[in-house]
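Shown below: entry04.txt, with compact mmCIF, N, CA and C atoms.
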# COMPACT_ATOMS: atom_id res chain seq x y z
N MET Y 142 -48.71 -118.25 -91.38
CA MET Y 142 -47.74 -118.73 -92.37
C MET Y 142 -46.52 -119.29 -91.62
N SER Y 143 -46.10 -120.46 -91.97
CA SER Y 143 -44.94 -121.08 -91.32
C SER Y 143 -43.64 -120.41 -91.79
N VAL Y 144 -42.59 -120.63 -91.02
CA VAL Y 144 -41.27 -120.11 -91.40
C VAL Y 144 -40.89 -120.69 -92.76
N PHE Y 145 -41.11 -121.98 -92.95
CA PHE Y 145 -40.79 -122.61 -94.23
C PHE Y 145 -41.51 -121.90 -95.38
N SER Y 146 -42.80 -121.68 -95.23
CA SER Y 146 -43.60 -121.04 -96.28
C SER Y 146 -43.09 -119.65 -96.61
N LYS Y 147 -42.78 -118.90 -95.56
CA LYS Y 147 -42.26 -117.54 -95.73
C LYS Y 147 -40.95 -117.54 -96.50
N ARG Y 148 -40.02 -118.40 -96.07
CA ARG Y 148 -38.71 -118.46 -96.72
C ARG Y 148 -38.82 -118.94 -98.17
N LEU Y 149 -39.67 -119.93 -98.41
CA LEU Y 149 -39.84 -120.44 -99.77
C LEU Y 149 -40.34 -119.36 -100.71
N LYS Y 150 -41.36 -118.66 -100.31
CA LYS Y 150 -41.93 -117.60 -101.15
C LYS Y 150 -40.90 -116.50 -101.41
N GLU Y 151 -40.20 -116.11 -100.36
CA GLU Y 151 -39.19 -115.06 -100.45
C GLU Y 151 -38.08 -115.42 -101.44
N ILE Y 152 -37.51 -116.60 -101.31
CA ILE Y 152 -36.37 -116.97 -102.15
C ILE Y 152 -36.81 -117.29 -103.57
N ARG Y 153 -38.01 -117.85 -103.74
CA ARG Y 153 -38.51 -118.14 -105.08
C ARG Y 153 -38.70 -116.85 -105.86
N ARG Y 154 -39.31 -115.87 -105.22
CA ARG Y 154 -39.52 -114.57 -105.88
C ARG Y 154 -38.19 -113.90 -106.22
N GLU Y 155 -37.26 -113.96 -105.27
CA GLU Y 155 -35.93 -113.38 -105.50
C GLU Y 155 -35.24 -114.03 -106.71
N ALA Y 156 -35.46 -115.33 -106.86
CA ALA Y 156 -34.86 -116.06 -107.98
C ALA Y 156 -35.58 -115.80 -109.30
N GLY Y 157 -36.72 -115.14 -109.24
CA GLY Y 157 -37.48 -114.82 -110.45
C GLY Y 157 -38.16 -116.03 -111.07
N LEU Y 158 -38.53 -116.99 -110.23
CA LEU Y 158 -39.18 -118.19 -110.74
C LEU Y 158 -40.66 -118.20 -110.37
N SER Y 159 -41.47 -118.69 -111.28
CA SER Y 159 -42.87 -118.91 -110.95
C SER Y 159 -42.98 -120.15 -110.08
N GLN Y 160 -44.09 -120.32 -109.44
CA GLN Y 160 -44.31 -121.53 -108.64
C GLN Y 160 -44.22 -122.76 -109.53
N ALA Y 161 -44.82 -122.68 -110.71
CA ALA Y 161 -44.81 -123.82 -111.63
C ALA Y 161 -43.39 -124.17 -112.06
N ARG Y 162 -42.60 -123.18 -112.41
CA ARG Y 162 -41.24 -123.44 -112.89
C ARG Y 162 -40.38 -124.04 -111.78
N LEU Y 163 -40.49 -123.49 -110.58
CA LEU Y 163 -39.72 -124.04 -109.46
C LEU Y 163 -40.12 -125.49 -109.21
N GLY Y 164 -41.41 -125.76 -109.23
CA GLY Y 164 -41.88 -127.12 -109.03
C GLY Y 164 -41.33 -128.09 -110.05
N VAL Y 165 -41.35 -127.69 -111.30
CA VAL Y 165 -40.82 -128.55 -112.37
C VAL Y 165 -39.33 -128.78 -112.19
N LEU Y 166 -38.59 -127.71 -111.88
CA LEU Y 166 -37.14 -127.84 -111.67
C LEU Y 166 -36.81 -128.73 -110.47
N ALA Y 167 -37.75 -128.78 -109.51
CA ALA Y 167 -37.55 -129.61 -108.32
C ALA Y 167 -38.04 -131.04 -108.53
N GLY Y 168 -38.55 -131.33 -109.73
CA GLY Y 168 -38.93 -132.70 -110.05
C GLY Y 168 -40.40 -133.03 -109.90
N ILE Y 169 -41.23 -132.02 -109.75
CA ILE Y 169 -42.67 -132.25 -109.65
C ILE Y 169 -43.25 -132.29 -111.07
N ASP Y 170 -44.22 -133.16 -111.28
CA ASP Y 170 -44.88 -133.26 -112.58
C ASP Y 170 -45.44 -131.90 -112.99
N GLU Y 171 -45.25 -131.56 -114.24
CA GLU Y 171 -45.66 -130.26 -114.77
C GLU Y 171 -47.13 -129.94 -114.51
N MET Y 172 -47.98 -130.94 -114.54
CA MET Y 172 -49.42 -130.73 -114.37
C MET Y 172 -49.79 -130.34 -112.94
N SER Y 173 -48.98 -130.71 -111.97
CA SER Y 173 -49.32 -130.40 -110.57
C SER Y 173 -48.29 -129.49 -109.88
N ALA Y 174 -47.26 -129.10 -110.60
CA ALA Y 174 -46.17 -128.32 -110.00
C ALA Y 174 -46.65 -127.01 -109.38
N SER Y 175 -47.43 -126.25 -110.11
CA SER Y 175 -47.89 -124.95 -109.61
C SER Y 175 -48.77 -125.12 -108.37
N ALA Y 176 -49.70 -126.05 -108.42
CA ALA Y 176 -50.60 -126.26 -107.28
C ALA Y 176 -49.86 -126.72 -106.04
N ARG Y 177 -48.90 -127.62 -106.19
CA ARG Y 177 -48.15 -128.11 -105.03
C ARG Y 177 -47.29 -127.02 -104.43
N MET Y 178 -46.61 -126.26 -105.27
CA MET Y 178 -45.78 -125.18 -104.74
C MET Y 178 -46.65 -124.14 -104.05
N ASN Y 179 -47.82 -123.87 -104.59
CA ASN Y 179 -48.74 -122.92 -103.98
C ASN Y 179 -49.16 -123.41 -102.59
N GLN Y 180 -49.41 -124.69 -102.47
CA GLN Y 180 -49.79 -125.26 -101.17
C GLN Y 180 -48.64 -125.17 -100.18
N TYR Y 181 -47.42 -125.36 -100.65
CA TYR Y 181 -46.25 -125.22 -99.77
C TYR Y 181 -46.10 -123.78 -99.30
N GLU Y 182 -46.29 -122.84 -100.22
CA GLU Y 182 -46.12 -121.43 -99.87
C GLU Y 182 -47.23 -120.91 -98.96
N ARG Y 183 -48.40 -121.46 -99.07
CA ARG Y 183 -49.51 -121.05 -98.20
C ARG Y 183 -49.49 -121.78 -96.87
N GLY Y 184 -48.63 -122.79 -96.75
CA GLY Y 184 -48.54 -123.55 -95.52
C GLY Y 184 -49.61 -124.61 -95.36
N LYS Y 185 -50.32 -124.88 -96.44
CA LYS Y 185 -51.36 -125.90 -96.37
C LYS Y 185 -50.75 -127.30 -96.25
N HIS Y 186 -49.62 -127.51 -96.91
CA HIS Y 186 -48.89 -128.78 -96.83
C HIS Y 186 -47.40 -128.47 -96.68
N GLU Y 187 -46.69 -129.35 -95.97
CA GLU Y 187 -45.24 -129.26 -95.85
C GLU Y 187 -44.62 -130.33 -96.73
N PRO Y 188 -43.62 -129.99 -97.51
CA PRO Y 188 -42.96 -131.01 -98.32
C PRO Y 188 -42.14 -131.95 -97.45
N ASP Y 189 -41.92 -133.16 -97.94
CA ASP Y 189 -41.06 -134.08 -97.20
C ASP Y 189 -39.60 -133.64 -97.36
N SER Y 190 -38.73 -134.26 -96.60
CA SER Y 190 -37.33 -133.82 -96.57
C SER Y 190 -36.64 -133.92 -97.92
N SER Y 191 -36.95 -134.93 -98.71
CA SER Y 191 -36.30 -135.05 -100.02
C SER Y 191 -36.76 -133.93 -100.96
N MET Y 192 -38.01 -133.52 -100.86
CA MET Y 192 -38.49 -132.40 -101.69
C MET Y 192 -37.84 -131.10 -101.23
N VAL Y 193 -37.70 -130.90 -99.94
CA VAL Y 193 -37.04 -129.69 -99.44
C VAL Y 193 -35.61 -129.65 -99.96
N GLU Y 194 -34.93 -130.77 -99.97
CA GLU Y 194 -33.56 -130.84 -100.49
C GLU Y 194 -33.52 -130.48 -101.97
N ARG Y 195 -34.46 -130.96 -102.75
CA ARG Y 195 -34.49 -130.64 -104.19
C ARG Y 195 -34.79 -129.16 -104.42
N ILE Y 196 -35.73 -128.61 -103.66
CA ILE Y 196 -36.04 -127.18 -103.78
C ILE Y 196 -34.81 -126.35 -103.41
N ALA Y 197 -34.15 -126.72 -102.32
CA ALA Y 197 -32.96 -125.99 -101.88
C ALA Y 197 -31.87 -126.03 -102.95
N ARG Y 198 -31.69 -127.18 -103.56
CA ARG Y 198 -30.67 -127.32 -104.61
C ARG Y 198 -30.99 -126.40 -105.79
N VAL Y 199 -32.25 -126.37 -106.22
CA VAL Y 199 -32.65 -125.51 -107.33
C VAL Y 199 -32.41 -124.04 -107.00
N LEU Y 200 -32.69 -123.66 -105.76
CA LEU Y 200 -32.59 -122.25 -105.37
C LEU Y 200 -31.22 -121.87 -104.80
N SER Y 201 -30.30 -122.82 -104.76
CA SER Y 201 -28.94 -122.58 -104.26
C SER Y 201 -28.90 -122.02 -102.85
N VAL Y 202 -29.65 -122.67 -101.98
CA VAL Y 202 -29.64 -122.32 -100.56
C VAL Y 202 -29.53 -123.61 -99.75
N PRO Y 203 -29.02 -123.53 -98.52
CA PRO Y 203 -28.98 -124.73 -97.68
C PRO Y 203 -30.38 -125.04 -97.16
N VAL Y 204 -30.64 -126.28 -96.88
CA VAL Y 204 -31.94 -126.67 -96.34
C VAL Y 204 -32.26 -125.88 -95.07
N SER Y 205 -31.26 -125.64 -94.26
CA SER Y 205 -31.46 -124.91 -93.00
C SER Y 205 -32.03 -123.51 -93.21
N PHE Y 206 -31.80 -122.93 -94.39
CA PHE Y 206 -32.35 -121.60 -94.69
C PHE Y 206 -33.86 -121.57 -94.50
N PHE Y 207 -34.54 -122.63 -94.91
CA PHE Y 207 -36.00 -122.67 -94.86
C PHE Y 207 -36.55 -122.71 -93.44
N TYR Y 208 -35.70 -123.03 -92.47
CA TYR Y 208 -36.17 -123.18 -91.10
C TYR Y 208 -35.60 -122.14 -90.15
N ALA Y 209 -34.82 -121.19 -90.68
CA ALA Y 209 -34.24 -120.13 -89.85
C ALA Y 209 -35.34 -119.14 -89.48
N GLU Y 210 -35.63 -119.05 -88.20
CA GLU Y 210 -36.71 -118.16 -87.75
C GLU Y 210 -36.30 -116.69 -87.78
N ASP Y 211 -35.04 -116.42 -87.60
CA ASP Y 211 -34.53 -115.05 -87.60
C ASP Y 211 -34.09 -114.66 -89.01
N ASP Y 212 -34.52 -113.49 -89.47
CA ASP Y 212 -34.19 -113.05 -90.83
C ASP Y 212 -32.69 -112.88 -91.05
N ASP Y 213 -31.99 -112.31 -90.07
CA ASP Y 213 -30.54 -112.13 -90.20
C ASP Y 213 -29.84 -113.49 -90.32
N GLU Y 214 -30.28 -114.44 -89.54
CA GLU Y 214 -29.70 -115.78 -89.60
C GLU Y 214 -29.91 -116.39 -90.98
N ALA Y 215 -31.10 -116.20 -91.54
CA ALA Y 215 -31.38 -116.73 -92.88
C ALA Y 215 -30.46 -116.12 -93.92
N VAL Y 216 -30.22 -114.83 -93.82
CA VAL Y 216 -29.31 -114.16 -94.76
C VAL Y 216 -27.90 -114.71 -94.62
N LEU Y 217 -27.44 -114.86 -93.38
CA LEU Y 217 -26.10 -115.39 -93.15
C LEU Y 217 -25.96 -116.82 -93.69
N LEU Y 218 -26.98 -117.63 -93.51
CA LEU Y 218 -26.94 -119.00 -94.04
C LEU Y 218 -26.80 -118.99 -95.56
N ARG Y 219 -27.54 -118.12 -96.22
CA ARG Y 219 -27.45 -118.02 -97.68
C ARG Y 219 -26.07 -117.59 -98.11
N TRP Y 220 -25.52 -116.58 -97.47
CA TRP Y 220 -24.19 -116.09 -97.84
C TRP Y 220 -23.13 -117.15 -97.61
N PHE Y 221 -23.17 -117.78 -96.44
CA PHE Y 221 -22.18 -118.80 -96.10
C PHE Y 221 -22.22 -119.95 -97.10
N TYR Y 222 -23.41 -120.37 -97.49
CA TYR Y 222 -23.60 -121.48 -98.42
C TYR Y 222 -22.93 -121.21 -99.77
N ARG Y 223 -22.90 -119.95 -100.16
CA ARG Y 223 -22.37 -119.59 -101.48
C ARG Y 223 -20.85 -119.36 -101.48
N LEU Y 224 -20.22 -119.46 -100.33
CA LEU Y 224 -18.77 -119.29 -100.26
C LEU Y 224 -18.04 -120.57 -100.64
N SER Y 225 -16.85 -120.41 -101.19
CA SER Y 225 -16.00 -121.57 -101.46
C SER Y 225 -15.47 -122.10 -100.12
N SER Y 226 -14.90 -123.28 -100.14
CA SER Y 226 -14.36 -123.84 -98.89
C SER Y 226 -13.23 -122.97 -98.34
N GLU Y 227 -12.44 -122.37 -99.22
CA GLU Y 227 -11.37 -121.48 -98.77
C GLU Y 227 -11.95 -120.22 -98.13
N GLU Y 228 -12.97 -119.66 -98.74
CA GLU Y 228 -13.61 -118.47 -98.19
C GLU Y 228 -14.28 -118.78 -96.85
N ARG Y 229 -14.86 -119.95 -96.74
CA ARG Y 229 -15.47 -120.36 -95.47
C ARG Y 229 -14.42 -120.45 -94.37
N ALA Y 230 -13.30 -121.06 -94.69
CA ALA Y 230 -12.22 -121.20 -93.70
C ALA Y 230 -11.72 -119.82 -93.27
N GLU Y 231 -11.55 -118.92 -94.22
CA GLU Y 231 -11.10 -117.56 -93.91
C GLU Y 231 -12.12 -116.85 -93.02
N LEU Y 232 -13.39 -116.98 -93.35
CA LEU Y 232 -14.43 -116.34 -92.55
C LEU Y 232 -14.47 -116.92 -91.14
N MET Y 233 -14.36 -118.22 -91.03
CA MET Y 233 -14.38 -118.87 -89.73
C MET Y 233 -13.21 -118.39 -88.87
N GLN Y 234 -12.04 -118.23 -89.49
CA GLN Y 234 -10.87 -117.73 -88.76
C GLN Y 234 -11.11 -116.30 -88.28
N LYS Y 235 -11.68 -115.46 -89.14
CA LYS Y 235 -11.96 -114.08 -88.76
C LYS Y 235 -13.00 -114.03 -87.64
N MET Y 236 -14.02 -114.84 -87.74
CA MET Y 236 -15.05 -114.87 -86.71
C MET Y 236 -14.47 -115.35 -85.38
N SER Y 237 -13.59 -116.33 -85.44
CA SER Y 237 -12.95 -116.84 -84.23
C SER Y 237 -12.17 -115.72 -83.55
N GLY Y 238 -11.46 -114.93 -84.34
CA GLY Y 238 -10.71 -113.80 -83.79
C GLY Y 238 -11.63 -112.74 -83.22
N LEU Y 239 -12.76 -112.54 -83.86
CA LEU Y 239 -13.72 -111.51 -83.43
C LEU Y 239 -14.32 -111.85 -82.07
N ILE Y 240 -14.63 -113.13 -81.86
CA ILE Y 240 -15.27 -113.50 -80.61
C ILE Y 240 -14.29 -113.99 -79.55
N SER Y 241 -13.03 -114.07 -79.91
CA SER Y 241 -12.00 -114.53 -78.97
C SER Y 241 -12.01 -113.64 -77.74
N GLY Y 242 -12.00 -114.26 -76.59
CA GLY Y 242 -12.00 -113.50 -75.35
C GLY Y 242 -13.37 -113.13 -74.84
N ARG Y 243 -14.39 -113.31 -75.68
CA ARG Y 243 -15.75 -113.04 -75.22
C ARG Y 243 -16.31 -114.28 -74.55
N ARG Y 244 -17.14 -114.06 -73.60
CA ARG Y 244 -17.81 -115.17 -72.92
C ARG Y 244 -19.03 -115.56 -73.76
N LEU Y 245 -19.15 -116.85 -74.05
CA LEU Y 245 -20.31 -117.35 -74.79
C LEU Y 245 -21.33 -117.87 -73.80
N GLY Y 246 -22.59 -117.60 -74.11
CA GLY Y 246 -23.66 -118.17 -73.29
C GLY Y 246 -24.20 -117.26 -72.32
Show me, as structure tokens, the structure contained in the file I just sent.
Amino acid sequence: MSVFSKRLKEIRREAGLSQARLGVLAGIDEMSASARMNQYERGKHEPDSSMVERIARVLSVPVSFFYAEDDDEAVLLRWFYRLSSEERAELMQKMSGLISGRRLG
């Protein structure tokens, strides 16, 4: 199973959506929505970039979430995406202070 497939299945289930419903919300024809989403989740086919963007928009996650290989990174991406611009700036300032003085790399 690809990272994309794993993340898609995980976030779709968390959102409480069926494969068919997610597919329809992402703009796939109702007659093929369930089958296409199933193929994406099984890793049989990868969606093109515009479909990934539509799926991400429906599920309120950044596109990068689907490709994060590390689970903690995926969680952080989801949380960061849901912050307001002010909250992001505050978090970035706090993180800068946290790592200040540490050697990177």
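A straight line drawn from CA of Ala209 (chain Y) to CA of Ile196 (chain Y) is 15.7 Å long.
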- Query: Quick one: of Y:Arg223, Y:Asp170, Y:His186, Y:Lys150, who's nearest to Pro203 (chain Y), counting only C-alpha atoms?
  - Reply: Y:Arg223
- Task: Show which residues sit within 10 Å of Tyr208 (chain Y), as a PyMOL selection string. Count only C-alpha atoms, and ignore same-chain residues fewer than 5 positions away.
- Result: chain Y and resi 143-149+203+214-215
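Across the structure, atom C of Ile169 (chain Y) and atom N of Met192 (chain Y) are spaced 11.5 Å apart.
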Quick one: contact table of region 182-224 of chain Y to region 172-177 of chain Y, 10 Å max, nearest atom pair and distance in Å to one decimal per residue, counting only C-alpha atoms, chain and number order, as JSON lines?
{"residue": "Y:Glu182", "atom": "CA", "partner": "Y:Arg177", "partner_atom": "CA", "distance": 8.7}
{"residue": "Y:Arg183", "atom": "CA", "partner": "Y:Arg177", "partner_atom": "CA", "distance": 9.9}
{"residue": "Y:Lys185", "atom": "CA", "partner": "Y:Arg177", "partner_atom": "CA", "distance": 9.5}
{"residue": "Y:His186", "atom": "CA", "partner": "Y:Arg177", "partner_atom": "CA", "distance": 8.3}
{"residue": "Y:Glu187", "atom": "CA", "partner": "Y:Arg177", "partner_atom": "CA", "distance": 9.7}
{"residue": "Y:Pro188", "atom": "CA", "partner": "Y:Arg177", "partner_atom": "CA", "distance": 9.0}
Can you write just those residues out, N, CA and C atoms, as an mmCIF file, in the coordinates of the input?
data_model
loop_
_atom_site.group_PDB
_atom_site.id
_atom_site.type_symbol
_atom_site.label_atom_id
_atom_site.label_comp_id
_atom_site.auth_asym_id
_atom_site.auth_seq_id
_atom_site.Cartn_x
_atom_site.Cartn_y
_atom_site.Cartn_z
ATOM 1 N N GLU Y 182 -46.290 -122.840 -100.220
ATOM 2 C CA GLU Y 182 -46.120 -121.430 -99.870
ATOM 3 C C GLU Y 182 -47.230 -120.910 -98.960
ATOM 4 N N ARG Y 183 -48.400 -121.460 -99.070
ATOM 5 C CA ARG Y 183 -49.510 -121.050 -98.200
ATOM 6 C C ARG Y 183 -49.490 -121.780 -96.870
ATOM 7 N N LYS Y 185 -50.320 -124.880 -96.440
ATOM 8 C CA LYS Y 185 -51.360 -125.900 -96.370
ATOM 9 C C LYS Y 185 -50.750 -127.300 -96.250
ATOM 10 N N HIS Y 186 -49.620 -127.510 -96.910
ATOM 11 C CA HIS Y 186 -48.890 -128.780 -96.830
ATOM 12 C C HIS Y 186 -47.400 -128.470 -96.680
ATOM 13 N N GLU Y 187 -46.690 -129.350 -95.970
ATOM 14 C CA GLU Y 187 -45.240 -129.260 -95.850
ATOM 15 C C GLU Y 187 -44.620 -130.330 -96.730
ATOM 16 N N PRO Y 188 -43.620 -129.990 -97.510
ATOM 17 C CA PRO Y 188 -42.960 -131.010 -98.320
ATOM 18 C C PRO Y 188 -42.140 -131.950 -97.450
#
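Atom to atom, CA of Phe207 (chain Y) and CA of Tyr181 (chain Y) stand 11.6 Å apart.
Among Y:Leu158, Y:Ile240, Y:Met142, Y:Leu218, the residue with the shortest atom-to-atom distance to Val202 (chain Y), counting all atoms listed in the file, is Y:Leu218.
In the backbone-derived DSSP annotation, alpha helix (DSSP H) within region 148-188 of chain Y comprises Arg148, Leu149, Lys150, Glu151, Ile152, Arg153, Arg154, Glu155, Ala156, Gln160, Ala161, Arg162, Leu163, Gly164, Val165, Leu166, Ala174, Ser175, Ala176, Arg177, Met178, Asn179, Gln180, Tyr181, Glu182 and Arg183 of chain Y.
You can rank Y:Glu228, Y:Leu200, Y:Asp213, Y:Ser237 by their closest distance to Ile152 (chain Y) using all atoms listed in the file, and at the top of that list sits Y:Leu200.
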